[in-house]
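Engineer: Coordinates in work-v3.cif, mmCIF, N, CA and C atoms, are listed below.
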```
data_start
#
loop_
_atom_site.label_atom_id
_atom_site.label_comp_id
_atom_site.auth_asym_id
_atom_site.auth_seq_id
_atom_site.Cartn_x
_atom_site.Cartn_y
_atom_site.Cartn_z
N MET F 1 7.14 -13.23 -12.27
CA MET F 1 7.49 -12.91 -10.90
C MET F 1 6.93 -11.54 -10.52
N ILE F 2 6.36 -11.47 -9.33
CA ILE F 2 5.82 -10.23 -8.79
C ILE F 2 6.92 -9.54 -7.99
N ASP F 3 7.08 -8.24 -8.18
CA ASP F 3 8.14 -7.47 -7.53
C ASP F 3 7.72 -7.06 -6.11
N LEU F 4 7.52 -8.06 -5.25
CA LEU F 4 7.12 -7.82 -3.86
C LEU F 4 7.98 -8.64 -2.92
N LYS F 5 8.14 -8.10 -1.72
CA LYS F 5 8.80 -8.83 -0.64
C LYS F 5 7.71 -9.25 0.34
N ILE F 6 7.60 -10.57 0.56
CA ILE F 6 6.50 -11.13 1.32
C ILE F 6 7.02 -11.91 2.54
N ALA F 7 6.41 -11.65 3.69
CA ALA F 7 6.67 -12.41 4.91
C ALA F 7 5.51 -13.39 5.08
N ILE F 8 5.81 -14.63 5.44
CA ILE F 8 4.78 -15.64 5.60
C ILE F 8 4.99 -16.41 6.89
N GLY F 9 3.88 -16.75 7.53
CA GLY F 9 3.95 -17.53 8.76
C GLY F 9 2.65 -18.28 8.97
N ALA F 10 2.74 -19.33 9.77
CA ALA F 10 1.57 -20.15 10.06
C ALA F 10 1.80 -20.93 11.34
N ASP F 11 0.69 -21.34 11.95
CA ASP F 11 0.80 -22.30 13.04
C ASP F 11 0.64 -23.70 12.44
N HIS F 12 0.51 -24.70 13.29
CA HIS F 12 0.39 -26.08 12.82
C HIS F 12 -0.82 -26.29 11.91
N ALA F 13 -1.91 -25.58 12.17
CA ALA F 13 -3.13 -25.75 11.37
C ALA F 13 -3.02 -25.10 10.00
N GLY F 14 -2.02 -24.26 9.80
CA GLY F 14 -1.81 -23.62 8.51
C GLY F 14 -0.52 -24.07 7.83
N PHE F 15 0.16 -25.01 8.46
CA PHE F 15 1.47 -25.44 7.97
C PHE F 15 1.44 -25.95 6.54
N SER F 16 0.48 -26.79 6.19
CA SER F 16 0.51 -27.39 4.85
C SER F 16 0.30 -26.35 3.75
N TYR F 17 -0.59 -25.38 3.95
CA TYR F 17 -0.78 -24.34 2.94
C TYR F 17 0.44 -23.43 2.87
N LYS F 18 1.04 -23.15 4.01
CA LYS F 18 2.25 -22.32 4.00
C LYS F 18 3.33 -22.99 3.16
N GLN F 19 3.52 -24.26 3.39
CA GLN F 19 4.54 -25.00 2.63
C GLN F 19 4.23 -24.98 1.14
N ALA F 20 2.98 -25.17 0.80
CA ALA F 20 2.59 -25.17 -0.62
C ALA F 20 2.77 -23.79 -1.24
N LEU F 21 2.43 -22.73 -0.49
CA LEU F 21 2.62 -21.36 -1.01
C LEU F 21 4.10 -21.04 -1.18
N LEU F 22 4.93 -21.55 -0.29
CA LEU F 22 6.37 -21.34 -0.44
C LEU F 22 6.88 -21.89 -1.77
N GLU F 23 6.27 -22.96 -2.22
CA GLU F 23 6.68 -23.59 -3.48
C GLU F 23 6.07 -22.93 -4.71
N THR F 24 4.91 -22.28 -4.56
CA THR F 24 4.21 -21.76 -5.73
C THR F 24 4.30 -20.25 -5.90
N LEU F 25 4.52 -19.50 -4.83
CA LEU F 25 4.58 -18.04 -4.95
C LEU F 25 5.84 -17.60 -5.69
N LYS F 26 5.66 -16.75 -6.66
CA LYS F 26 6.77 -16.22 -7.43
C LYS F 26 6.88 -14.73 -7.15
N VAL F 27 7.66 -14.39 -6.14
CA VAL F 27 7.83 -13.00 -5.72
C VAL F 27 9.32 -12.70 -5.59
N LYS F 28 9.62 -11.41 -5.48
CA LYS F 28 11.01 -10.96 -5.38
C LYS F 28 11.72 -11.59 -4.18
N GLU F 29 11.04 -11.58 -3.03
CA GLU F 29 11.61 -12.17 -1.82
C GLU F 29 10.48 -12.75 -0.99
N LEU F 30 10.72 -13.92 -0.43
CA LEU F 30 9.74 -14.60 0.40
C LEU F 30 10.45 -15.16 1.62
N LYS F 31 10.07 -14.68 2.80
CA LYS F 31 10.71 -15.16 4.04
C LYS F 31 9.71 -15.95 4.86
N ASP F 32 10.12 -17.14 5.24
CA ASP F 32 9.31 -18.06 6.03
C ASP F 32 9.63 -17.85 7.52
N PHE F 33 8.64 -17.36 8.27
CA PHE F 33 8.80 -17.14 9.70
C PHE F 33 8.32 -18.33 10.53
N GLY F 34 8.05 -19.47 9.85
CA GLY F 34 7.65 -20.67 10.56
C GLY F 34 6.14 -20.78 10.69
N THR F 35 5.71 -21.80 11.28
CA THR F 35 6.32 -22.94 11.88
C THR F 35 6.92 -23.84 10.80
N HIS F 36 7.78 -24.73 11.24
CA HIS F 36 8.51 -25.57 10.29
C HIS F 36 8.13 -27.04 10.40
N SER F 37 7.00 -27.32 11.06
CA SER F 37 6.50 -28.69 11.14
C SER F 37 5.01 -28.63 11.49
N PRO F 38 4.32 -29.74 11.34
CA PRO F 38 2.89 -29.77 11.69
C PRO F 38 2.63 -29.99 13.19
N ASP F 39 3.67 -29.98 14.01
CA ASP F 39 3.52 -30.16 15.45
C ASP F 39 2.82 -28.94 16.06
N SER F 40 2.02 -29.17 17.08
CA SER F 40 1.25 -28.10 17.72
C SER F 40 2.16 -26.98 18.24
N VAL F 41 1.78 -25.75 17.91
CA VAL F 41 2.52 -24.55 18.34
C VAL F 41 1.52 -23.45 18.68
N ASP F 42 2.02 -22.33 19.17
CA ASP F 42 1.19 -21.18 19.52
C ASP F 42 1.26 -20.15 18.40
N TYR F 43 0.11 -19.82 17.80
CA TYR F 43 0.08 -18.92 16.64
C TYR F 43 0.72 -17.55 16.88
N PRO F 44 0.66 -16.95 18.08
CA PRO F 44 1.31 -15.64 18.23
C PRO F 44 2.82 -15.68 17.99
N ASP F 45 3.43 -16.84 18.20
CA ASP F 45 4.88 -16.96 17.99
C ASP F 45 5.27 -16.76 16.53
N PHE F 46 4.32 -16.85 15.62
CA PHE F 46 4.58 -16.68 14.20
C PHE F 46 3.91 -15.42 13.65
N ALA F 47 2.77 -15.07 14.22
CA ALA F 47 2.05 -13.88 13.76
C ALA F 47 2.81 -12.60 14.13
N HIS F 48 3.35 -12.53 15.34
CA HIS F 48 4.07 -11.32 15.74
C HIS F 48 5.29 -11.04 14.86
N PRO F 49 6.15 -12.02 14.58
CA PRO F 49 7.30 -11.73 13.71
C PRO F 49 6.91 -11.30 12.29
N VAL F 50 5.87 -11.91 11.72
CA VAL F 50 5.42 -11.50 10.39
C VAL F 50 4.89 -10.07 10.45
N ALA F 51 4.07 -9.77 11.45
CA ALA F 51 3.51 -8.43 11.59
C ALA F 51 4.61 -7.39 11.80
N SER F 52 5.58 -7.70 12.62
CA SER F 52 6.70 -6.77 12.86
C SER F 52 7.48 -6.51 11.59
N ALA F 53 7.72 -7.55 10.80
CA ALA F 53 8.49 -7.40 9.57
C ALA F 53 7.76 -6.53 8.55
N VAL F 54 6.44 -6.63 8.50
CA VAL F 54 5.65 -5.77 7.60
C VAL F 54 5.56 -4.36 8.19
N GLU F 55 5.33 -4.28 9.47
CA GLU F 55 5.18 -2.98 10.14
C GLU F 55 6.44 -2.12 10.00
N ASN F 56 7.61 -2.74 10.12
CA ASN F 56 8.86 -1.96 10.04
C ASN F 56 9.34 -1.74 8.61
N GLY F 57 8.58 -2.21 7.62
CA GLY F 57 8.91 -1.95 6.22
C GLY F 57 9.90 -2.90 5.59
N GLU F 58 10.31 -3.92 6.33
CA GLU F 58 11.24 -4.91 5.78
C GLU F 58 10.57 -5.70 4.65
N PHE F 59 9.24 -5.90 4.77
CA PHE F 59 8.46 -6.62 3.77
C PHE F 59 7.26 -5.80 3.35
N ASP F 60 6.83 -5.97 2.10
CA ASP F 60 5.69 -5.22 1.57
C ASP F 60 4.37 -5.71 2.14
N PHE F 61 4.22 -7.02 2.23
CA PHE F 61 2.98 -7.65 2.68
C PHE F 61 3.31 -8.89 3.48
N GLY F 62 2.28 -9.38 4.19
CA GLY F 62 2.42 -10.63 4.92
C GLY F 62 1.28 -11.57 4.60
N ILE F 63 1.55 -12.84 4.82
CA ILE F 63 0.55 -13.90 4.73
C ILE F 63 0.60 -14.65 6.05
N LEU F 64 -0.54 -14.80 6.69
CA LEU F 64 -0.64 -15.60 7.90
C LEU F 64 -1.73 -16.64 7.71
N ILE F 65 -1.46 -17.86 8.16
CA ILE F 65 -2.40 -18.95 7.97
C ILE F 65 -2.54 -19.73 9.28
N CYS F 66 -3.78 -19.95 9.67
CA CYS F 66 -4.07 -20.86 10.77
C CYS F 66 -5.40 -21.53 10.47
N GLY F 67 -5.93 -22.28 11.39
CA GLY F 67 -7.15 -23.03 11.13
C GLY F 67 -8.32 -22.14 10.74
N SER F 68 -8.60 -21.11 11.55
CA SER F 68 -9.72 -20.22 11.29
C SER F 68 -9.30 -18.85 10.78
N ALA F 69 -8.05 -18.52 10.91
CA ALA F 69 -7.44 -17.21 10.60
C ALA F 69 -7.74 -16.18 11.67
N ASN F 70 -8.60 -16.48 12.62
CA ASN F 70 -8.94 -15.52 13.66
C ASN F 70 -7.75 -15.22 14.58
N GLY F 71 -7.10 -16.25 15.07
CA GLY F 71 -6.00 -16.04 16.01
C GLY F 71 -4.88 -15.22 15.43
N VAL F 72 -4.46 -15.53 14.21
CA VAL F 72 -3.35 -14.79 13.60
C VAL F 72 -3.76 -13.36 13.27
N ALA F 73 -5.02 -13.16 12.86
CA ALA F 73 -5.49 -11.81 12.56
C ALA F 73 -5.56 -10.96 13.81
N ILE F 74 -6.11 -11.51 14.88
CA ILE F 74 -6.20 -10.77 16.14
C ILE F 74 -4.80 -10.38 16.61
N THR F 75 -3.88 -11.32 16.55
CA THR F 75 -2.50 -11.06 16.99
C THR F 75 -1.84 -10.00 16.13
N ALA F 76 -1.89 -10.16 14.83
CA ALA F 76 -1.23 -9.21 13.92
C ALA F 76 -1.80 -7.81 14.08
N ASN F 77 -3.09 -7.71 14.29
CA ASN F 77 -3.74 -6.40 14.40
C ASN F 77 -3.41 -5.67 15.70
N LYS F 78 -2.69 -6.29 16.60
CA LYS F 78 -2.20 -5.59 17.80
C LYS F 78 -1.10 -4.61 17.42
N HIS F 79 -0.47 -4.80 16.28
CA HIS F 79 0.61 -3.93 15.80
C HIS F 79 -0.02 -2.70 15.14
N GLN F 80 0.43 -1.51 15.53
CA GLN F 80 -0.18 -0.26 15.07
C GLN F 80 -0.18 -0.11 13.54
N GLY F 81 0.86 -0.55 12.88
CA GLY F 81 0.94 -0.34 11.44
C GLY F 81 0.35 -1.46 10.61
N ILE F 82 -0.35 -2.37 11.24
CA ILE F 82 -0.87 -3.55 10.54
C ILE F 82 -2.38 -3.47 10.38
N ARG F 83 -2.80 -3.89 9.20
CA ARG F 83 -4.21 -4.07 8.89
C ARG F 83 -4.34 -5.48 8.30
N ALA F 84 -4.55 -6.43 9.21
CA ALA F 84 -4.63 -7.84 8.82
C ALA F 84 -6.10 -8.21 8.57
N ALA F 85 -6.37 -8.80 7.42
CA ALA F 85 -7.74 -9.12 7.02
C ALA F 85 -7.91 -10.62 6.82
N ILE F 86 -8.96 -11.15 7.43
CA ILE F 86 -9.32 -12.55 7.20
C ILE F 86 -10.06 -12.62 5.87
N CYS F 87 -9.56 -13.45 4.98
CA CYS F 87 -10.15 -13.58 3.65
C CYS F 87 -10.40 -15.05 3.34
N TRP F 88 -11.65 -15.37 2.98
CA TRP F 88 -11.97 -16.73 2.59
C TRP F 88 -12.45 -16.82 1.15
N ASN F 89 -12.40 -15.69 0.45
CA ASN F 89 -12.67 -15.72 -0.99
C ASN F 89 -11.99 -14.52 -1.65
N GLU F 90 -11.99 -14.51 -2.97
CA GLU F 90 -11.30 -13.45 -3.72
C GLU F 90 -11.95 -12.09 -3.53
N ASP F 91 -13.26 -12.04 -3.41
CA ASP F 91 -13.94 -10.76 -3.23
C ASP F 91 -13.49 -10.07 -1.94
N LEU F 92 -13.38 -10.83 -0.86
CA LEU F 92 -12.92 -10.25 0.40
C LEU F 92 -11.47 -9.79 0.30
N ALA F 93 -10.64 -10.54 -0.40
CA ALA F 93 -9.25 -10.13 -0.59
C ALA F 93 -9.17 -8.82 -1.35
N SER F 94 -9.97 -8.70 -2.38
CA SER F 94 -9.99 -7.48 -3.17
C SER F 94 -10.47 -6.29 -2.34
N LEU F 95 -11.56 -6.46 -1.61
CA LEU F 95 -12.08 -5.38 -0.78
C LEU F 95 -11.12 -4.99 0.34
N ALA F 96 -10.47 -5.98 0.92
CA ALA F 96 -9.50 -5.69 1.99
C ALA F 96 -8.40 -4.78 1.49
N ARG F 97 -7.96 -4.98 0.28
CA ARG F 97 -6.92 -4.13 -0.30
C ARG F 97 -7.51 -2.80 -0.77
N ARG F 98 -8.59 -2.83 -1.55
CA ARG F 98 -9.14 -1.61 -2.15
C ARG F 98 -9.66 -0.63 -1.11
N HIS F 99 -10.36 -1.13 -0.11
CA HIS F 99 -11.03 -0.24 0.85
C HIS F 99 -10.29 -0.07 2.17
N ASN F 100 -9.51 -1.09 2.58
CA ASN F 100 -8.89 -1.05 3.90
C ASN F 100 -7.37 -0.97 3.86
N ASN F 101 -6.80 -1.00 2.66
CA ASN F 101 -5.34 -0.99 2.51
C ASN F 101 -4.70 -2.05 3.40
N ALA F 102 -5.32 -3.22 3.48
CA ALA F 102 -4.80 -4.32 4.29
C ALA F 102 -3.39 -4.67 3.82
N ASN F 103 -2.53 -4.99 4.77
CA ASN F 103 -1.16 -5.35 4.42
C ASN F 103 -0.79 -6.76 4.84
N ILE F 104 -1.69 -7.47 5.50
CA ILE F 104 -1.50 -8.89 5.79
C ILE F 104 -2.80 -9.61 5.47
N VAL F 105 -2.70 -10.66 4.68
CA VAL F 105 -3.86 -11.50 4.37
C VAL F 105 -3.80 -12.72 5.29
N CYS F 106 -4.93 -13.00 5.94
CA CYS F 106 -5.04 -14.12 6.87
C CYS F 106 -5.99 -15.15 6.27
N ILE F 107 -5.49 -16.37 6.12
CA ILE F 107 -6.24 -17.41 5.43
C ILE F 107 -6.62 -18.52 6.39
N PRO F 108 -7.91 -18.91 6.40
CA PRO F 108 -8.37 -19.99 7.27
C PRO F 108 -8.25 -21.36 6.57
N GLU F 109 -7.15 -22.06 6.82
CA GLU F 109 -6.89 -23.30 6.10
C GLU F 109 -8.00 -24.33 6.24
N ARG F 110 -8.64 -24.38 7.38
CA ARG F 110 -9.68 -25.39 7.60
C ARG F 110 -10.97 -25.08 6.85
N PHE F 111 -11.07 -23.90 6.24
CA PHE F 111 -12.33 -23.49 5.61
C PHE F 111 -12.23 -23.16 4.13
N VAL F 112 -11.03 -23.21 3.55
CA VAL F 112 -10.89 -22.98 2.11
C VAL F 112 -9.97 -24.04 1.52
N ASP F 113 -10.22 -24.40 0.28
CA ASP F 113 -9.31 -25.34 -0.37
C ASP F 113 -8.07 -24.58 -0.85
N PHE F 114 -7.02 -25.32 -1.19
CA PHE F 114 -5.76 -24.66 -1.53
C PHE F 114 -5.88 -23.81 -2.80
N GLU F 115 -6.63 -24.26 -3.77
CA GLU F 115 -6.82 -23.47 -4.99
C GLU F 115 -7.42 -22.10 -4.66
N THR F 116 -8.39 -22.09 -3.77
CA THR F 116 -8.99 -20.82 -3.34
C THR F 116 -7.97 -19.98 -2.59
N ALA F 117 -7.18 -20.60 -1.74
CA ALA F 117 -6.14 -19.86 -1.00
C ALA F 117 -5.17 -19.19 -1.97
N GLN F 118 -4.77 -19.88 -3.01
CA GLN F 118 -3.88 -19.30 -4.02
C GLN F 118 -4.54 -18.10 -4.70
N LYS F 119 -5.80 -18.22 -5.04
CA LYS F 119 -6.52 -17.12 -5.69
C LYS F 119 -6.65 -15.92 -4.75
N ILE F 120 -6.88 -16.19 -3.47
CA ILE F 120 -6.96 -15.12 -2.48
C ILE F 120 -5.65 -14.35 -2.44
N VAL F 121 -4.55 -15.07 -2.36
CA VAL F 121 -3.23 -14.44 -2.31
C VAL F 121 -2.95 -13.65 -3.58
N ASP F 122 -3.22 -14.23 -4.73
CA ASP F 122 -2.99 -13.55 -6.00
C ASP F 122 -3.83 -12.27 -6.09
N THR F 123 -5.08 -12.35 -5.69
CA THR F 123 -5.96 -11.18 -5.72
C THR F 123 -5.46 -10.11 -4.75
N PHE F 124 -5.10 -10.51 -3.55
CA PHE F 124 -4.62 -9.58 -2.53
C PHE F 124 -3.40 -8.80 -3.05
N PHE F 125 -2.46 -9.49 -3.65
CA PHE F 125 -1.22 -8.84 -4.11
C PHE F 125 -1.40 -8.03 -5.38
N SER F 126 -2.42 -8.33 -6.16
CA SER F 126 -2.60 -7.62 -7.42
C SER F 126 -3.60 -6.47 -7.33
N THR F 127 -4.19 -6.27 -6.18
CA THR F 127 -5.20 -5.23 -6.01
C THR F 127 -4.59 -4.01 -5.32
N GLU F 128 -4.85 -2.84 -5.89
CA GLU F 128 -4.33 -1.59 -5.34
C GLU F 128 -5.34 -0.96 -4.38
N PHE F 129 -4.83 -0.23 -3.42
CA PHE F 129 -5.67 0.55 -2.52
C PHE F 129 -6.27 1.71 -3.30
N GLU F 130 -7.57 1.94 -3.15
CA GLU F 130 -8.26 3.00 -3.89
C GLU F 130 -7.98 4.39 -3.35
N GLY F 131 -7.61 4.49 -2.08
CA GLY F 131 -7.39 5.81 -1.49
C GLY F 131 -8.70 6.57 -1.40
N GLY F 132 -8.63 7.89 -1.67
CA GLY F 132 -9.84 8.71 -1.64
C GLY F 132 -10.53 8.65 -0.29
N ARG F 133 -11.84 8.46 -0.32
CA ARG F 133 -12.61 8.43 0.94
C ARG F 133 -12.14 7.31 1.86
N HIS F 134 -11.58 6.25 1.27
CA HIS F 134 -11.09 5.13 2.08
C HIS F 134 -9.82 5.51 2.85
N ALA F 135 -9.01 6.37 2.29
CA ALA F 135 -7.78 6.78 2.97
C ALA F 135 -8.10 7.50 4.28
N ASN F 136 -9.12 8.32 4.27
CA ASN F 136 -9.53 9.01 5.48
C ASN F 136 -9.93 8.01 6.56
N ARG F 137 -10.67 7.01 6.17
CA ARG F 137 -11.13 5.97 7.12
C ARG F 137 -9.96 5.15 7.65
N VAL F 138 -9.08 4.74 6.75
CA VAL F 138 -7.92 3.96 7.17
C VAL F 138 -7.05 4.78 8.13
N GLY F 139 -6.97 6.08 7.89
CA GLY F 139 -6.20 6.95 8.77
C GLY F 139 -6.75 7.03 10.18
N LYS F 140 -7.99 6.64 10.39
CA LYS F 140 -8.60 6.68 11.71
C LYS F 140 -8.49 5.36 12.47
N ILE F 141 -7.87 4.34 11.88
CA ILE F 141 -7.83 3.02 12.50
C ILE F 141 -6.89 2.97 13.70
N SER F 142 -5.68 3.45 13.57
CA SER F 142 -4.69 3.33 14.65
C SER F 142 -5.12 4.10 15.89
N CYS F 143 -4.76 3.55 17.05
CA CYS F 143 -5.07 4.19 18.33
C CYS F 143 -3.96 5.14 18.75
#
```
Go through the file and emit its structure as structure tokens.
Structural biologist:
Amino acid sequence: MIDLKIAIGADHAGFSYKQALLETLKVKELKDFGTHSPDSVDYPDFAHPVASAVENGEFDFGILICGSANGVAITANKHQGIRAAICWNEDLASLARRHNNANIVCIPERFVDFETAQKIVDTFFSTEFEGGRHANRVGKISC
């Protein structure tokens, strides 16, 4: 078990991976912010609550899933304390954490298989921020 508190959310296009991750993730706490069915919904209704929960420190990290990951990433990144990264492979997940101190991983369900999605999540949570020159850059992100 990983000692992390994770917020997770998805729209209808990310519902199946969200459900599967709920069953396979072994973390200290995992909160499902929905959606709770494959019926069509609006991604901001799930991205905003996940982003708020991470931004206010209630959760360490977030996972957002939709068809392309673009909608949830754009929405989450409206929050000042959020650095949501679209990741479609392990290398991007690692770089998002090491160089950008990303705190929400956004997965495009329509473009990666579930095994890859699991590896992305595992890599994201196990990779530390490098700080140093990257900390200065990350400090310039918020408006």
Engineer: Tell me, as a ChimeraX atom specification, which residues lie within 6 Å of F:Cys87, counting only N, CA and C atoms; anything in the same chain fewer than 5 positions away does not count.
Structural biologist: /F:92-93,105-108
Engineer: In Å, how far is it from atom CA of F:Ala47 to atom CA of F:Gly14?
Structural biologist: 11.7 Å
Engineer: Using backbone DSSP assignments, extract all strand (DSSP E) residues from chain F; output them as a PyMOL selection string.
Structural biologist: chain F and resi 2-10+27-32+61-66+84-86+104-108
Engineer: Find the residues around F:Arg133 up to 8 Å (all atoms listed in the file counted), leave out those fewer than 4 positions away in its own chain, and share them as a list in words.
Structural biologist: His99, Arg137 and Val138 of chain F
Engineer: With the PyMOL selection byres ((chain F and resi 118-130) around 5) as the selection, what would be picked from this file? Answer as number ranges by chain, please.
Structural biologist: F: 90, 93, 97-98, 114-117, 131-132
Engineer: Residues as selected, N, CA and C atoms, written as a tab-separated table (two decimals), in the frame of the given file, can you do that?
Structural biologist:
```
chain	number	residue	atom	x	y	z
F	90	GLU	N	-11.99	-14.51	-2.97
F	90	GLU	CA	-11.30	-13.45	-3.72
F	90	GLU	C	-11.95	-12.09	-3.53
F	93	ALA	N	-10.64	-10.54	-0.40
F	93	ALA	CA	-9.25	-10.13	-0.59
F	93	ALA	C	-9.17	-8.82	-1.35
F	97	ARG	N	-7.96	-4.98	0.28
F	97	ARG	CA	-6.92	-4.13	-0.30
F	97	ARG	C	-7.51	-2.80	-0.77
F	98	ARG	N	-8.59	-2.83	-1.55
F	98	ARG	CA	-9.14	-1.61	-2.15
F	98	ARG	C	-9.66	-0.63	-1.11
F	114	PHE	N	-7.02	-25.32	-1.19
F	114	PHE	CA	-5.76	-24.66	-1.53
F	114	PHE	C	-5.88	-23.81	-2.80
F	115	GLU	N	-6.63	-24.26	-3.77
F	115	GLU	CA	-6.82	-23.47	-4.99
F	115	GLU	C	-7.42	-22.10	-4.66
F	116	THR	N	-8.39	-22.09	-3.77
F	116	THR	CA	-8.99	-20.82	-3.34
F	116	THR	C	-7.97	-19.98	-2.59
F	117	ALA	N	-7.18	-20.60	-1.74
F	117	ALA	CA	-6.14	-19.86	-1.00
F	117	ALA	C	-5.17	-19.19	-1.97
F	131	GLY	N	-7.61	4.49	-2.08
F	131	GLY	CA	-7.39	5.81	-1.49
F	131	GLY	C	-8.70	6.57	-1.40
F	132	GLY	N	-8.63	7.89	-1.67
F	132	GLY	CA	-9.84	8.71	-1.64
F	132	GLY	C	-10.53	8.65	-0.29
```
Engineer: Grab the atom N of F:Gly9 to atom CA of F:Ile141 distance for me, in Å with one decimal place.
Structural biologist: 23.5 Å
